[in-house]
Structure formats: C-alpha cells, structure tokens
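Here's work_0.tsv, which has TSV, C-alpha atoms:
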```tsv
chain	number	residue	atom	x	y	z
A	1	MET	CA	109.30	197.05	119.56
A	2	LEU	CA	108.57	194.74	116.66
A	3	PHE	CA	112.28	194.18	116.10
A	4	ALA	CA	112.75	193.27	119.76
A	5	SER	CA	109.87	190.79	119.58
A	6	LEU	CA	111.23	189.13	116.46
A	7	VAL	CA	114.69	188.81	117.99
A	8	PHE	CA	113.21	187.21	121.08
A	9	ALA	CA	111.01	184.81	119.08
A	10	THR	CA	114.01	183.73	117.00
A	11	ALA	CA	116.08	183.16	120.11
A	12	LEU	CA	113.48	180.81	121.58
A	13	THR	CA	113.95	178.35	118.73
A	14	GLY	CA	117.65	178.97	118.23
A	15	ALA	CA	119.54	179.58	115.03
A	16	PRO	CA	121.39	176.91	113.03
A	17	GLY	CA	124.96	176.56	114.13
A	18	ASP	CA	124.51	178.40	117.43
A	19	PRO	CA	126.67	176.83	120.17
A	20	ALA	CA	124.84	175.20	123.06
A	21	PRO	CA	124.68	177.53	126.09
A	22	ALA	CA	126.68	176.59	129.16
A	23	PRO	CA	124.83	174.91	132.05
A	24	THR	CA	123.16	177.35	134.43
A	25	ARG	CA	122.80	177.01	138.19
A	26	TYR	CA	119.62	178.13	139.95
A	27	ARG	CA	118.40	178.65	143.47
A	28	ILE	CA	114.68	177.84	143.80
A	29	GLU	CA	113.01	179.02	147.00
A	30	GLN	CA	109.48	178.08	147.97
A	31	GLN	CA	107.53	179.17	151.04
A	32	ILE	CA	104.19	177.55	151.89
A	33	GLU	CA	101.88	178.80	154.64
A	34	SER	CA	98.75	176.79	155.44
A	35	GLN	CA	95.92	177.99	157.66
A	36	VAL	CA	93.98	174.96	158.89
A	37	ASP	CA	90.55	175.49	160.48
A	38	LEU	CA	90.12	172.86	163.19
A	39	SER	CA	86.78	174.13	164.50
A	40	ALA	CA	85.32	170.66	163.88
A	41	PHE	CA	87.59	169.39	166.66
A	42	GLY	CA	86.77	172.21	169.06
A	43	GLN	CA	90.04	173.96	168.23
A	44	GLY	CA	90.86	177.19	166.47
A	45	GLU	CA	92.90	177.93	163.39
A	46	GLN	CA	96.38	176.48	163.15
A	47	VAL	CA	99.11	177.94	160.95
A	48	GLN	CA	101.73	175.63	159.46
A	49	THR	CA	104.73	176.76	157.42
A	50	GLN	CA	107.11	174.87	155.15
A	51	ASN	CA	110.19	176.18	153.37
A	52	PHE	CA	112.22	174.58	150.60
A	53	THR	CA	115.42	175.70	148.89
A	54	TRP	CA	116.59	173.76	145.85
A	55	PHE	CA	119.98	174.17	144.18
A	56	THR	CA	120.00	172.82	140.64
A	57	THR	CA	122.05	172.85	137.44
A	58	VAL	CA	120.13	173.14	134.15
A	59	ALA	CA	121.43	172.64	130.61
A	60	LEU	CA	119.49	173.21	127.38
A	61	SER	CA	120.50	172.19	123.86
A	62	ASP	CA	118.76	172.52	120.48
A	63	SER	CA	116.95	169.35	119.41
A	64	ALA	CA	114.51	168.84	116.50
A	65	GLY	CA	112.18	171.81	116.84
A	66	GLY	CA	112.68	172.19	120.55
A	67	ARG	CA	115.32	171.87	123.23
A	68	ALA	CA	116.68	168.93	125.17
A	69	LEU	CA	116.63	169.54	128.93
A	70	HIS	CA	119.15	168.11	131.40
A	71	VAL	CA	118.76	168.85	135.12
A	72	ILE	CA	120.84	167.90	138.15
A	73	LEU	CA	119.49	168.33	141.67
A	74	ASP	CA	122.64	169.52	143.43
A	75	SER	CA	121.15	169.78	146.93
A	76	VAL	CA	118.03	170.65	148.89
A	77	GLN	CA	117.31	172.37	152.19
A	78	ALA	CA	113.92	172.07	153.86
A	79	ASP	CA	112.10	173.20	156.98
A	80	LEU	CA	108.87	171.26	157.37
A	81	GLY	CA	107.87	172.79	160.68
A	82	ILE	CA	107.02	170.13	163.24
A	83	ALA	CA	107.87	167.29	160.84
A	84	GLN	CA	111.40	165.94	161.01
A	85	VAL	CA	113.40	165.01	157.91
A	86	LEU	CA	116.05	162.31	158.14
A	87	ALA	CA	119.49	163.07	156.73
A	88	ALA	CA	119.08	160.07	154.42
A	89	SER	CA	116.22	161.86	152.65
A	90	TYR	CA	118.56	164.68	151.65
A	91	ASP	CA	121.42	162.37	150.74
A	92	SER	CA	119.27	160.11	148.53
A	93	VAL	CA	118.34	162.90	146.07
A	94	ARG	CA	121.64	164.76	145.92
A	95	GLY	CA	123.05	164.44	142.40
A	96	THR	CA	119.80	163.09	140.93
A	97	VAL	CA	119.69	163.55	137.14
A	98	TYR	CA	116.56	164.42	135.14
A	99	HIS	CA	116.10	164.44	131.38
A	100	GLY	CA	113.32	165.93	129.29
A	101	TYR	CA	112.41	167.75	126.11
A	102	LEU	CA	110.92	171.23	125.72
A	103	ASP	CA	108.79	171.60	122.60
A	104	ASP	CA	108.53	174.84	120.61
A	105	TRP	CA	106.11	176.25	123.21
A	106	GLY	CA	108.44	175.35	126.10
A	107	ARG	CA	106.17	172.53	127.28
A	108	LEU	CA	108.07	169.78	129.04
A	109	GLN	CA	107.80	166.35	127.41
A	110	SER	CA	109.27	162.89	128.10
A	111	PHE	CA	110.48	163.69	131.61
A	112	THR	CA	112.56	160.93	133.21
A	113	THR	CA	114.86	160.60	136.21
A	114	THR	CA	117.48	158.29	137.70
A	115	SER	CA	115.99	158.62	141.19
A	116	ASN	CA	114.24	155.74	142.92
A	117	GLY	CA	111.74	158.00	144.65
A	118	GLY	CA	111.57	159.52	148.09
A	119	LEU	CA	110.25	162.55	149.91
A	120	PHE	CA	111.87	165.20	147.71
A	121	GLN	CA	111.77	163.63	144.25
A	122	GLY	CA	108.13	164.37	143.45
A	123	LEU	CA	108.33	167.85	144.96
A	124	PHE	CA	111.37	168.77	142.88
A	125	GLU	CA	109.87	167.33	139.69
A	126	ALA	CA	106.93	169.71	140.15
A	127	GLN	CA	109.39	172.59	140.39
A	128	VAL	CA	111.12	171.59	137.14
A	129	LYS	CA	107.84	171.14	135.26
A	130	GLY	CA	106.84	174.70	136.11
A	131	LEU	CA	110.30	176.24	135.75
A	132	PHE	CA	109.90	177.64	132.23
A	133	PRO	CA	107.01	179.72	130.84
A	134	ARG	CA	105.13	178.32	127.86
A	135	ILE	CA	105.63	180.83	125.06
A	136	LYS	CA	103.62	181.05	121.88
A	137	PRO	CA	106.00	180.72	118.91
A	138	ASN	CA	106.62	184.04	117.13
A	139	ALA	CA	104.71	186.01	119.75
A	140	ARG	CA	105.04	189.78	119.51
A	141	GLU	CA	105.43	192.29	122.31
A	142	GLY	CA	102.10	192.87	124.04
A	143	GLU	CA	100.56	189.67	122.65
A	144	SER	CA	98.68	187.34	125.03
A	145	TRP	CA	97.94	183.62	124.95
A	146	THR	CA	96.79	180.87	127.32
A	147	ASP	CA	98.18	177.45	128.14
A	148	THR	CA	97.17	174.55	130.41
A	149	LEU	CA	99.69	172.70	132.56
A	150	SER	CA	98.92	169.50	134.49
A	151	ILE	CA	101.38	168.41	137.18
A	152	GLU	CA	101.13	165.14	139.08
A	153	THR	CA	103.06	165.10	142.37
A	154	ASP	CA	103.69	161.69	143.91
A	155	THR	CA	105.43	161.40	147.29
A	156	PRO	CA	105.27	158.95	150.22
A	157	GLN	CA	102.93	161.48	151.88
A	158	GLY	CA	100.37	161.39	149.08
A	159	THR	CA	99.49	162.03	145.45
A	160	MET	CA	98.27	165.36	144.12
A	161	ASN	CA	97.22	166.55	140.66
A	162	ALA	CA	97.24	170.27	139.90
A	163	VAL	CA	95.81	171.69	136.67
A	164	THR	CA	96.85	175.28	136.01
A	165	ILE	CA	95.42	177.51	133.27
A	166	THR	CA	97.76	180.44	132.64
A	167	ALA	CA	97.30	183.62	130.65
A	168	PHE	CA	100.72	184.82	129.48
A	169	GLN	CA	101.69	188.15	127.97
A	170	LEU	CA	104.95	189.04	126.25
A	171	GLY	CA	106.42	192.20	127.76
A	172	GLY	CA	109.32	194.40	126.77
A	173	PHE	CA	113.03	194.46	127.53
A	174	GLU	CA	114.26	194.94	131.12
A	175	MET	CA	117.65	194.77	132.77
A	176	GLN	CA	117.93	191.99	135.35
A	177	ALA	CA	121.11	190.88	137.15
A	178	GLY	CA	123.15	193.02	134.78
A	179	VAL	CA	121.80	191.48	131.56
A	180	GLN	CA	119.05	192.48	129.14
A	181	THR	CA	115.98	190.27	129.44
A	182	THR	CA	112.47	190.02	128.08
A	183	ARG	CA	109.64	189.91	130.64
A	184	ILE	CA	106.82	187.38	130.50
A	185	ASP	CA	103.82	188.22	132.71
A	186	ALA	CA	101.45	185.50	133.87
A	187	SER	CA	98.14	185.21	135.70
A	188	PHE	CA	96.67	181.81	136.45
A	189	THR	CA	93.95	179.75	138.07
A	190	ALA	CA	94.61	176.30	139.49
A	191	THR	CA	92.55	173.33	140.65
A	192	THR	CA	93.99	170.58	142.84
A	193	ARG	CA	92.76	167.15	143.77
A	194	GLY	CA	94.45	164.27	145.52
A	195	THR	CA	94.96	162.12	148.60
A	196	LEU	CA	97.17	162.64	151.64
A	197	GLN	CA	98.46	160.44	154.43
A	198	THR	CA	97.90	162.26	157.74
A	199	PRO	CA	98.63	161.21	161.35
A	200	ALA	CA	94.86	160.69	161.74
A	201	GLY	CA	94.52	158.56	158.60
A	202	PRO	CA	94.10	158.96	154.83
A	203	ALA	CA	92.40	162.13	153.56
A	204	ASP	CA	91.06	163.50	150.30
A	205	LEU	CA	91.94	167.06	149.34
A	206	GLU	CA	90.24	169.23	146.72
A	207	GLY	CA	90.62	172.94	146.09
A	208	GLN	CA	91.21	175.84	143.77
A	209	GLY	CA	93.20	179.04	143.72
A	210	SER	CA	94.66	181.85	141.66
A	211	GLY	CA	97.88	183.79	141.38
A	212	THR	CA	100.36	185.74	139.32
A	213	GLY	CA	103.89	185.27	138.07
A	214	ARG	CA	106.66	186.97	136.14
A	215	TYR	CA	109.57	185.51	134.17
A	216	TYR	CA	112.71	187.16	132.79
A	217	LEU	CA	114.55	185.48	129.90
A	218	THR	CA	117.67	186.44	127.94
A	219	VAL	CA	117.59	186.86	124.16
A	220	ASP	CA	118.83	183.26	123.80
A	221	GLY	CA	115.93	181.93	125.88
A	222	GLN	CA	117.78	181.37	129.16
A	223	LEU	CA	115.81	181.98	132.37
A	224	VAL	CA	117.42	184.65	134.55
A	225	LYS	CA	114.82	184.88	137.33
A	226	SER	CA	111.15	184.36	138.04
A	227	ALA	CA	108.67	184.88	140.85
A	228	SER	CA	105.14	183.65	141.45
A	229	SER	CA	102.53	183.60	144.19
A	230	LEU	CA	99.40	181.50	144.63
A	231	THR	CA	96.56	181.66	147.15
A	232	GLY	CA	94.15	178.74	147.28
A	233	ASP	CA	91.30	177.32	149.35
A	234	ALA	CA	90.74	173.60	149.78
A	235	LEU	CA	88.64	171.14	151.75
A	236	MET	CA	90.13	168.06	153.39
A	237	THR	CA	87.80	165.15	154.12
A	238	GLY	CA	88.36	161.86	155.87
A	239	GLY	CA	86.87	159.42	158.35
A	240	PHE	CA	88.62	161.27	161.17
A	241	ALA	CA	86.57	164.47	160.76
A	242	PRO	CA	82.77	164.93	161.07
A	243	VAL	CA	82.82	167.74	158.46
A	244	PRO	CA	85.28	168.89	155.76
A	245	ILE	CA	88.26	170.81	157.13
A	246	PRO	CA	88.92	174.16	155.37
A	247	ILE	CA	92.53	174.94	154.46
A	248	ARG	CA	93.84	178.19	152.97
A	249	THR	CA	97.33	177.97	151.47
A	250	THR	CA	99.63	180.74	150.28
A	251	THR	CA	102.62	179.68	148.19
A	252	SER	CA	105.45	181.94	147.04
A	253	THR	CA	108.21	180.75	144.71
A	254	THR	CA	111.30	182.56	143.44
A	255	VAL	CA	113.93	181.33	140.99
A	256	THR	CA	117.28	183.07	140.82
A	257	ARG	CA	120.19	182.37	138.50
A	258	ILE	CA	123.43	181.84	140.40
A	259	GLU	CA	126.36	183.64	138.81
```

Whole structure, structure tokens version:
Amino acid sequence: MLFASLVFATALTGAPGDPAPAPTRYRIEQQIESQVDLSAFGQGEQVQTQNFTWFTTVALSDSAGGRALHVILDSVQADLGIAQVLAASYDSVRGTVYHGYLDDWGRLQSFTTTSNGGLFQGLFEAQVKGLFPRIKPNAREGESWTDTLSIETDTPQGTMNAVTITAFQLGGFEMQAGVQTTRIDASFTATTRGTLQTPAGPADLEGQGSGTGRYYLTVDGQLVKSASSLTGDALMTGGFAPVPIPIRTTTSTTVTRIE
C-alpha cells in the first residue's frame, strides 16, 4: 500500500523528462432540481429542473512546481425548463479557450478566458474550477486532509459566491474504464450567497448544504471520472415577497472521460 501511495504522489508532480500527456476530452453532466416553497403567495411547492451537458477538451503540462491547464469548451447542451435559450448563446461559447495553473495541491490559479461573457461562461468556469480534487502533496493511502475552495459565478442572471470546505481521503487502486486508478473520496459543506435577477425583480439568496464526491485518477494524475452530489437549503428575499422564500436544491454532477 505504501508503494502505491508513493507512486501516486510522485505522479501528481510529474518526473523530469516525462512527456506531456495528450489532451483529454470529457463529458460533464449536471442535474439541478429546485423545490421552491411559494406558500407566501398562496401557492404550494413548485419543482424546477435544469440539466447541463458540457463537452470539453483538457490538456495539462508540467510547469514550475505545478501544471499548466488549457481547456477548450467544445460545446454545451442545456435544458432550463420553462426558460428558453437562444441559439446564439450556444454559438457564442463554442470553442472558448481557458488557461490556468494548478499548484502542487491541484488548486486552480490565474484562470483566464478568451470569452466575452454570456449565459454559459460563468457556469462553465465553475465546472472547471471544481474539476480536479485538491490533493495534499505526498499523501499516503488512507490519509485525510481538508481544503477550502471559493468559486464566484457571474452570469447575466446574477452573481453567486460558493465557499466549499472539503475533507478528502486518499483511497486505494481501482479499475475504471479499463485503466488502473486511485480513488479520492470527498465529503463537503458549502455556503452560498449572492443576488439573482428574477421575473419579479432582484433577489438576495443565502444558503448552505452538504454532499459527497468521489474522484478516480490515473497514476500520471489524469482524471478518469468523478461524481458528486449536493443538497442545500436557501432563503430568497426581495421586495416582491412578504417573507423569505425557502428553496431546497439537489445537484448531481458526473464527469466522464471520453475515449
């Protein structure tokens, strides 16, 4: 077990002279179900669902104690329920390029993009920022550690800040998609705060939640697949409502490497 852990820890930082891995394509699927309690308006609970599927190409290369990250958003599919999305919103983000740097923990730094904004840019950036687990350097199998991730999402529909505290644990080897991987288990708590533009006017949103996740990485640190789920409760306030509106949201996200 110790040998496996050392091999994995070495792979995360790379070895001198190792060739850069080939770009990897991923399919990122996210399902969001929101239960909105409209009792304040004399109505019952309403359930809203949204689904997103992102296709992206990711390349990593060794760079000064970490790894340079290059991401292309190949395409996106979305079902926003009753909300309609114009074709121009899809076309404007197709082929968008993102650049960043992952430090020795896998934390994303210096994230930039060529996009000029739009409905999907901020949503996809949040996906990229949470794509990789943060891994304690030289961690051994069974070892646990915590890390804090803050993600700011800015779209025409509003701005949201989510702060997630995650407890990670390094697991053992498992076969996934025909390759040997190391499992990273995660449990987390999250707090969110921000503003939204609704049909009834601007609103403030504040909430918290918890969830679990699991990542599978190859011995050279490439993500093969991951899955996470989050359940959270929030209150939405605004001049349009006499009392805060309770919202319960369940979010499920899966990442799959495309062969």

For the contact check between stretch 30-130 of chain A and stretch 158-177 of chain A, emit one row per residue of stretch 30-130 of chain A within 12 Å, containing the shortest atom pair and the distance in Å rounded to one decimal, counting all atoms listed in the file, chain then rising number order, as a Markdown table.
```
| residue | atom | partner | partner_atom | distance |
| --- | --- | --- | --- | --- |
| A:Trp105 | CA | A:Phe168 | CA | 11.9 |
| A:Gly118 | CA | A:Gly158 | CA | 11.4 |
| A:Leu119 | CA | A:Gly158 | CA | 10.0 |
| A:Gly122 | CA | A:Thr159 | CA | 9.2 |
| A:Leu123 | CA | A:Met160 | CA | 10.4 |
| A:Ala126 | CA | A:Ala162 | CA | 9.7 |
| A:Lys129 | CA | A:Ala162 | CA | 11.6 |
| A:Gly130 | CA | A:Thr164 | CA | 10.0 |
```

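Separating atom CA of A:Pro133 from atom CA of A:Gln77 is a distance of 24.8 Å.
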
Show which residues sit within 6 Å of A:Ser226, as an NGL selection string. Count all atoms listed in the file, and ignore same-chain residues fewer than 2 positions away.
:A and (214-215 or 254-255)

Could you jot down the atom CA of A:Tyr216 to atom CA of A:Ile184 separation for me, Å, one decimal place?
6.3 Å

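Using all atoms listed in the file, the nearest neighbour of A:Thr256 within the list A:Gln46, A:Thr53, A:Gln31, A:Thr96 is A:Thr53.
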
Find the residues near stretch 23-28 of chain A: any atom within 10 Å, counting all atoms listed in the file, skip ones fewer than 4 places away on the same chain, and give them as a tab-separated table (two decimals) with C-alpha atoms, in the coordinates of the input.
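Below is the file that was written, out-v8.tsv:
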```
chain	number	residue	atom	x	y	z
A	52	PHE	CA	112.22	174.58	150.60
A	53	THR	CA	115.42	175.70	148.89
A	54	TRP	CA	116.59	173.76	145.85
A	55	PHE	CA	119.98	174.17	144.18
A	56	THR	CA	120.00	172.82	140.64
A	57	THR	CA	122.05	172.85	137.44
A	58	VAL	CA	120.13	173.14	134.15
A	59	ALA	CA	121.43	172.64	130.61
A	60	LEU	CA	119.49	173.21	127.38
A	61	SER	CA	120.50	172.19	123.86
A	70	HIS	CA	119.15	168.11	131.40
A	71	VAL	CA	118.76	168.85	135.12
A	72	ILE	CA	120.84	167.90	138.15
A	73	LEU	CA	119.49	168.33	141.67
A	74	ASP	CA	122.64	169.52	143.43
A	75	SER	CA	121.15	169.78	146.93
A	76	VAL	CA	118.03	170.65	148.89
A	124	PHE	CA	111.37	168.77	142.88
A	127	GLN	CA	109.39	172.59	140.39
A	128	VAL	CA	111.12	171.59	137.14
A	131	LEU	CA	110.30	176.24	135.75
A	222	GLN	CA	117.78	181.37	129.16
A	223	LEU	CA	115.81	181.98	132.37
A	224	VAL	CA	117.42	184.65	134.55
A	225	LYS	CA	114.82	184.88	137.33
A	226	SER	CA	111.15	184.36	138.04
A	227	ALA	CA	108.67	184.88	140.85
A	253	THR	CA	108.21	180.75	144.71
A	254	THR	CA	111.30	182.56	143.44
A	255	VAL	CA	113.93	181.33	140.99
A	256	THR	CA	117.28	183.07	140.82
A	257	ARG	CA	120.19	182.37	138.50
A	258	ILE	CA	123.43	181.84	140.40
A	259	GLU	CA	126.36	183.64	138.81
```

Please identify all polymer residues within 9 Å of A:Ser229, counting only C-alpha atoms, omitting same-chain residues fewer than 6 positions from it, and present them as JSON, numbers by chain.
{"A": [210, 211, 212, 213, 250, 251, 252, 253, 254]}
